[in-house]
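Reproduced below: query-v5.tsv, with TSV, N, CA and C atoms.
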```tsv
chain	number	residue	atom	x	y	z
A	27	MET	N	61.98	-162.41	-52.03
A	27	MET	CA	61.77	-161.74	-53.27
A	27	MET	C	62.96	-160.79	-53.50
A	28	GLU	N	63.51	-160.85	-54.69
A	28	GLU	CA	64.65	-159.99	-55.02
A	28	GLU	C	64.37	-159.27	-56.33
A	29	PHE	N	65.01	-158.11	-56.48
A	29	PHE	CA	64.82	-157.30	-57.67
A	29	PHE	C	66.15	-157.14	-58.40
A	30	CYS	N	66.07	-156.96	-59.70
A	30	CYS	CA	67.24	-156.85	-60.57
A	30	CYS	C	68.06	-155.61	-60.22
A	31	GLU	N	69.38	-155.80	-60.21
A	31	GLU	CA	70.29	-154.70	-59.92
A	31	GLU	C	70.37	-153.72	-61.09
A	32	LYS	N	70.09	-154.20	-62.31
A	32	LYS	CA	70.21	-153.37	-63.51
A	32	LYS	C	68.94	-152.56	-63.80
A	33	CYS	N	67.79	-153.24	-63.80
A	33	CYS	CA	66.56	-152.55	-64.22
A	33	CYS	C	65.50	-152.45	-63.12
A	34	GLY	N	65.66	-153.18	-62.02
A	34	GLY	CA	64.72	-153.09	-60.92
A	34	GLY	C	63.51	-154.01	-61.02
A	35	ALA	N	63.44	-154.86	-62.04
A	35	ALA	CA	62.32	-155.79	-62.21
A	35	ALA	C	62.46	-156.97	-61.26
A	36	LEU	N	61.40	-157.73	-61.12
A	36	LEU	CA	61.36	-158.89	-60.23
A	36	LEU	C	62.24	-160.01	-60.78
A	37	MET	N	63.04	-160.63	-59.92
A	37	MET	CA	63.89	-161.76	-60.30
A	37	MET	C	63.12	-163.06	-60.03
A	38	ILE	N	63.18	-163.99	-60.98
A	38	ILE	CA	62.46	-165.26	-60.91
A	38	ILE	C	63.47	-166.39	-60.70
A	39	PRO	N	63.20	-167.30	-59.74
A	39	PRO	CA	64.12	-168.44	-59.55
A	39	PRO	C	63.97	-169.45	-60.68
A	40	GLU	N	65.11	-169.90	-61.19
A	40	GLU	CA	65.15	-170.93	-62.24
A	40	GLU	C	66.36	-171.82	-62.01
A	41	LYS	N	66.43	-172.92	-62.77
A	41	LYS	CA	67.61	-173.78	-62.71
A	41	LYS	C	68.35	-173.67	-64.03
A	42	LYS	N	69.67	-173.45	-63.95
A	42	LYS	CA	70.51	-173.38	-65.14
A	42	LYS	C	71.66	-174.35	-64.91
A	43	ASP	N	71.77	-175.33	-65.77
A	43	ASP	CA	72.79	-176.38	-65.63
A	43	ASP	C	72.65	-177.09	-64.29
A	44	GLY	N	71.42	-177.25	-63.81
A	44	GLY	CA	71.15	-177.95	-62.54
A	44	GLY	C	71.39	-177.12	-61.29
A	45	LYS	N	71.79	-175.87	-61.46
A	45	LYS	CA	72.05	-175.00	-60.30
A	45	LYS	C	71.03	-173.88	-60.26
A	46	PRO	N	70.59	-173.51	-59.06
A	46	PRO	CA	69.58	-172.45	-58.96
A	46	PRO	C	70.17	-171.07	-59.25
A	47	VAL	N	69.44	-170.28	-60.03
A	47	VAL	CA	69.81	-168.89	-60.32
A	47	VAL	C	68.55	-168.04	-60.25
A	48	LEU	N	68.75	-166.76	-60.06
A	48	LEU	CA	67.65	-165.80	-60.15
A	48	LEU	C	67.81	-165.07	-61.47
A	49	ARG	N	66.74	-165.06	-62.30
A	49	ARG	CA	66.81	-164.41	-63.61
A	49	ARG	C	65.79	-163.29	-63.69
A	50	CYS	N	66.22	-162.16	-64.24
A	50	CYS	CA	65.35	-161.00	-64.41
A	50	CYS	C	64.36	-161.27	-65.54
A	51	ARG	N	63.11	-160.95	-65.31
A	51	ARG	CA	62.08	-161.15	-66.31
A	51	ARG	C	62.19	-160.15	-67.46
A	52	GLU	N	62.75	-158.99	-67.18
A	52	GLU	CA	62.81	-157.93	-68.18
A	52	GLU	C	64.09	-157.96	-69.01
A	53	CYS	N	65.25	-157.89	-68.35
A	53	CYS	CA	66.51	-157.74	-69.09
A	53	CYS	C	67.31	-159.03	-69.21
A	54	GLY	N	66.95	-160.09	-68.46
A	54	GLY	CA	67.64	-161.37	-68.56
A	54	GLY	C	68.87	-161.50	-67.67
A	55	TYR	N	69.16	-160.50	-66.85
A	55	TYR	CA	70.30	-160.55	-65.92
A	55	TYR	C	70.14	-161.75	-64.99
A	56	GLU	N	71.23	-162.48	-64.75
A	56	GLU	CA	71.19	-163.66	-63.88
A	56	GLU	C	72.10	-163.46	-62.69
A	57	LYS	N	71.67	-164.01	-61.57
A	57	LYS	CA	72.42	-163.93	-60.32
A	57	LYS	C	72.43	-165.32	-59.70
A	58	LYS	N	73.60	-165.80	-59.31
A	58	LYS	CA	73.70	-167.12	-58.67
A	58	LYS	C	73.10	-167.07	-57.28
A	59	VAL	N	72.50	-168.20	-56.89
A	59	VAL	CA	71.91	-168.32	-55.56
A	59	VAL	C	72.73	-169.32	-54.77
A	60	GLY	N	73.18	-168.93	-53.61
A	60	GLY	CA	73.97	-169.83	-52.76
A	60	GLY	C	73.05	-170.74	-51.96
A	61	ARG	N	73.47	-171.06	-50.77
A	61	ARG	CA	72.69	-171.94	-49.90
A	61	ARG	C	71.72	-171.14	-49.04
A	62	SER	N	71.30	-170.03	-49.54
A	62	SER	CA	70.33	-169.20	-48.83
A	62	SER	C	68.93	-169.82	-48.93
A	63	PRO	N	67.92	-169.15	-48.46
A	63	PRO	CA	66.58	-169.75	-48.44
A	63	PRO	C	66.13	-170.27	-49.81
A	64	GLN	N	65.33	-171.30	-49.78
A	64	GLN	CA	64.82	-171.88	-51.02
A	64	GLN	C	63.75	-170.95	-51.60
A	65	TYR	N	63.77	-170.84	-52.91
A	65	TYR	CA	62.78	-170.04	-53.62
A	65	TYR	C	61.81	-170.97	-54.31
A	66	LYS	N	60.57	-170.55	-54.43
A	66	LYS	CA	59.60	-171.30	-55.21
A	66	LYS	C	58.62	-170.29	-55.83
A	67	VAL	N	58.08	-170.67	-56.96
A	67	VAL	CA	57.15	-169.81	-57.68
A	67	VAL	C	55.75	-170.40	-57.55
A	68	GLU	N	54.81	-169.57	-57.12
A	68	GLU	CA	53.42	-170.01	-56.99
A	68	GLU	C	52.54	-169.09	-57.81
A	69	TYR	N	51.62	-169.69	-58.54
A	69	TYR	CA	50.67	-168.92	-59.34
A	69	TYR	C	49.26	-169.26	-58.87
A	70	ARG	N	48.87	-168.70	-57.75
A	70	ARG	CA	47.52	-168.94	-57.25
A	70	ARG	C	46.82	-167.59	-57.10
A	71	ILE	N	46.00	-167.27	-58.06
A	71	ILE	CA	45.24	-166.03	-58.00
A	71	ILE	C	43.77	-166.40	-58.18
A	72	LYS	N	42.97	-166.09	-57.21
A	72	LYS	CA	41.53	-166.33	-57.29
A	72	LYS	C	40.83	-164.99	-57.14
A	73	HIS	N	39.85	-164.78	-57.99
A	73	HIS	CA	39.08	-163.55	-57.93
A	73	HIS	C	37.63	-163.88	-57.61
A	74	SER	N	37.04	-163.07	-56.77
A	74	SER	CA	35.63	-163.25	-56.46
A	74	SER	C	34.80	-162.54	-57.52
A	75	PRO	N	33.53	-162.88	-57.63
A	75	PRO	CA	32.67	-162.19	-58.60
A	75	PRO	C	32.61	-160.68	-58.37
A	76	LYS	N	32.82	-160.24	-57.15
A	76	LYS	CA	32.77	-158.81	-56.86
A	76	LYS	C	33.94	-158.06	-57.49
A	77	GLU	N	35.03	-158.76	-57.82
A	77	GLU	CA	36.19	-158.13	-58.41
A	77	GLU	C	36.08	-157.96	-59.92
A	78	LYS	N	35.07	-158.57	-60.52
A	78	LYS	CA	34.89	-158.45	-61.96
A	78	LYS	C	34.20	-157.14	-62.29
A	79	ILE	N	34.40	-156.65	-63.49
A	79	ILE	CA	33.82	-155.39	-63.92
A	79	ILE	C	32.78	-155.66	-64.99
A	80	VAL	N	31.64	-155.04	-64.86
A	80	VAL	CA	30.58	-155.16	-65.85
A	80	VAL	C	30.56	-153.88	-66.67
A	81	VAL	N	30.64	-154.02	-67.98
A	81	VAL	CA	30.59	-152.87	-68.87
A	81	VAL	C	29.23	-152.86	-69.53
A	82	VAL	N	28.50	-151.76	-69.36
A	82	VAL	CA	27.17	-151.63	-69.91
A	82	VAL	C	27.23	-150.58	-71.01
A	83	GLU	N	26.83	-150.96	-72.21
A	83	GLU	CA	26.83	-150.04	-73.33
A	83	GLU	C	25.41	-149.62	-73.65
A	84	GLY	N	25.29	-148.49	-74.27
A	84	GLY	CA	23.98	-148.03	-74.68
A	84	GLY	C	23.62	-146.72	-73.99
A	85	ASP	N	22.39	-146.28	-74.21
A	85	ASP	CA	21.94	-145.03	-73.62
A	85	ASP	C	21.76	-145.18	-72.12
A	86	SER	N	22.17	-144.16	-71.43
A	86	SER	CA	22.08	-144.17	-69.97
A	86	SER	C	20.84	-143.43	-69.52
A	87	GLN	N	20.27	-143.87	-68.41
A	87	GLN	CA	19.10	-143.21	-67.84
A	87	GLN	C	19.48	-142.54	-66.53
A	88	ARG	N	20.59	-141.83	-66.51
A	88	ARG	CA	21.07	-141.24	-65.27
A	88	ARG	C	20.12	-140.20	-64.71
A	89	ASN	N	19.53	-139.41	-65.57
A	89	ASN	CA	18.66	-138.33	-65.09
A	89	ASN	C	17.25	-138.80	-64.78
A	90	GLU	N	16.89	-139.95	-65.29
A	90	GLU	CA	15.55	-140.47	-65.06
A	90	GLU	C	15.60	-141.57	-64.01
A	91	GLU	N	14.55	-141.65	-63.23
A	91	GLU	CA	14.49	-142.74	-62.25
A	91	GLU	C	13.92	-143.97	-62.92
A	92	ILE	N	14.40	-145.13	-62.50
A	92	ILE	CA	13.88	-146.38	-63.06
A	92	ILE	C	12.97	-147.04	-62.03
A	93	SER	N	12.08	-147.85	-62.54
A	93	SER	CA	11.11	-148.50	-61.65
A	93	SER	C	11.78	-149.62	-60.86
A	94	GLU	N	11.15	-150.01	-59.81
A	94	GLU	CA	11.67	-151.09	-58.97
A	94	GLU	C	11.71	-152.41	-59.74
A	95	ASP	N	10.73	-152.63	-60.62
A	95	ASP	CA	10.72	-153.85	-61.44
A	95	ASP	C	11.92	-153.88	-62.38
A	96	GLU	N	12.24	-152.73	-62.97
A	96	GLU	CA	13.38	-152.67	-63.87
A	96	GLU	C	14.68	-152.90	-63.11
A	97	ARG	N	14.77	-152.39	-61.89
A	97	ARG	CA	15.95	-152.64	-61.05
A	97	ARG	C	16.12	-154.13	-60.78
A	98	ARG	N	15.01	-154.80	-60.44
A	98	ARG	CA	15.08	-156.24	-60.17
A	98	ARG	C	15.55	-157.00	-61.41
A	99	GLU	N	15.01	-156.62	-62.58
A	99	GLU	CA	15.41	-157.29	-63.82
A	99	GLU	C	16.90	-157.10	-64.10
A	100	ARG	N	17.40	-155.90	-63.87
A	100	ARG	CA	18.83	-155.64	-64.08
A	100	ARG	C	19.68	-156.45	-63.11
A	101	ARG	N	19.29	-156.48	-61.84
A	101	ARG	CA	20.04	-157.28	-60.85
A	101	ARG	C	20.04	-158.75	-61.23
A	102	LYS	N	18.88	-159.23	-61.67
A	102	LYS	CA	18.75	-160.63	-62.07
A	102	LYS	C	19.69	-160.94	-63.25
A	103	ALA	N	19.74	-160.04	-64.23
A	103	ALA	CA	20.60	-160.24	-65.40
A	103	ALA	C	22.08	-160.25	-64.99
A	104	ILE	N	22.45	-159.36	-64.07
A	104	ILE	CA	23.84	-159.30	-63.62
A	104	ILE	C	24.20	-160.57	-62.86
A	105	LEU	N	23.33	-161.03	-61.97
A	105	LEU	CA	23.61	-162.26	-61.22
A	105	LEU	C	23.70	-163.47	-62.14
A	106	GLU	N	22.84	-163.53	-63.16
A	106	GLU	CA	22.91	-164.63	-64.12
A	106	GLU	C	24.23	-164.60	-64.88
A	107	PHE	N	24.68	-163.39	-65.21
A	107	PHE	CA	25.96	-163.25	-65.90
A	107	PHE	C	27.08	-163.81	-65.04
A	108	TYR	N	27.12	-163.44	-63.76
A	108	TYR	CA	28.18	-163.92	-62.88
A	108	TYR	C	28.08	-165.42	-62.66
A	109	ASP	N	26.87	-165.95	-62.55
A	109	ASP	CA	26.71	-167.39	-62.37
A	109	ASP	C	27.22	-168.15	-63.60
A	110	SER	N	26.96	-167.62	-64.80
A	110	SER	CA	27.43	-168.28	-66.01
A	110	SER	C	28.95	-168.21	-66.11
A	111	GLU	N	29.58	-167.13	-65.64
A	111	GLU	CA	31.04	-167.00	-65.65
A	111	GLU	C	31.68	-167.99	-64.68
A	112	ASP	N	31.07	-168.19	-63.52
A	112	ASP	CA	31.62	-169.10	-62.51
A	112	ASP	C	31.54	-170.55	-62.93
A	113	SER	N	30.52	-170.92	-63.71
A	113	SER	CA	30.34	-172.31	-64.10
A	113	SER	C	31.24	-172.72	-65.26
A	114	ASP	N	31.86	-171.74	-65.96
A	114	ASP	CA	32.74	-172.06	-67.10
A	114	ASP	C	34.00	-172.64	-66.68
```
Representation of the structure as structure tokens:
Amino acid sequence: MEFCEKCGALMIPEKKDGKPVLRCRECGYEKKVGRSPQYKVEYRIKHSPKEKIVVVEGDSQRNEEISEDERRERRKAILEFYDSEDSD
């Protein structure tokens, strides 16, 4: 991984005229790559359901305690939401 000498952004490997170069994503600065290690770009990002954020709108019951049945219903709704997101 290399960073741009001008702006400090990440340099991305590309081919220009059939030759490998590193190009800055931000300013477009290019640097020739010799016979040094091969570069490759991988885009593999997987997120688990625990990494997702649930936004709940409406009145909050922070000061009041909720019943155990209401807790179960909320958990069930959240799990159904995550299951529907995973199946898409």
Would you mind reading off the distance between atom CA of Leu36 of chain A and atom CA of Glu52 of chain A, one decimal, in Å? 8.1 Å
Please indicate the distance in Å from atom CA of His73 of chain A to atom CA of Asp109 of chain A, rounded to one decimal place.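 Computing the Euclidean distance for atom CA of His73 of chain A and atom CA of Asp109 of chain A yields 13.7 Å.
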What is the atom C of Lys32 of chain A-atom C of Pro46 of chain A distance in Å, reported with one decimal? 19.1 Å
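The residues of chain A that DSSP assigns to helix (DSSP H, G or I) on this backbone come out as Pro75, Lys76, Glu77, Glu94, Asp95, Glu96, Arg97, Arg98, Glu99, Arg100, Arg101, Lys102, Ala103, Ile104, Leu105, Glu106, Phe107, Tyr108, Asp109, Ser110, Glu111, Asp112 and Ser113 of chain A.
For segment 32-106 of chain A, a DSSP pass over the backbone yields strand (DSSP E) at Met37, Ile38, Pro39, Glu40, Lys41, Lys42, Lys45, Pro46, Val47, Leu48, Arg49, Cys50, Glu56, Lys57 and Lys58 of chain A.
Counting only C-alpha atoms, the residue from A:Lys66, A:Arg51, A:Lys78, A:Lys102 that sits nearest to Met27 of chain A is A:Lys66.
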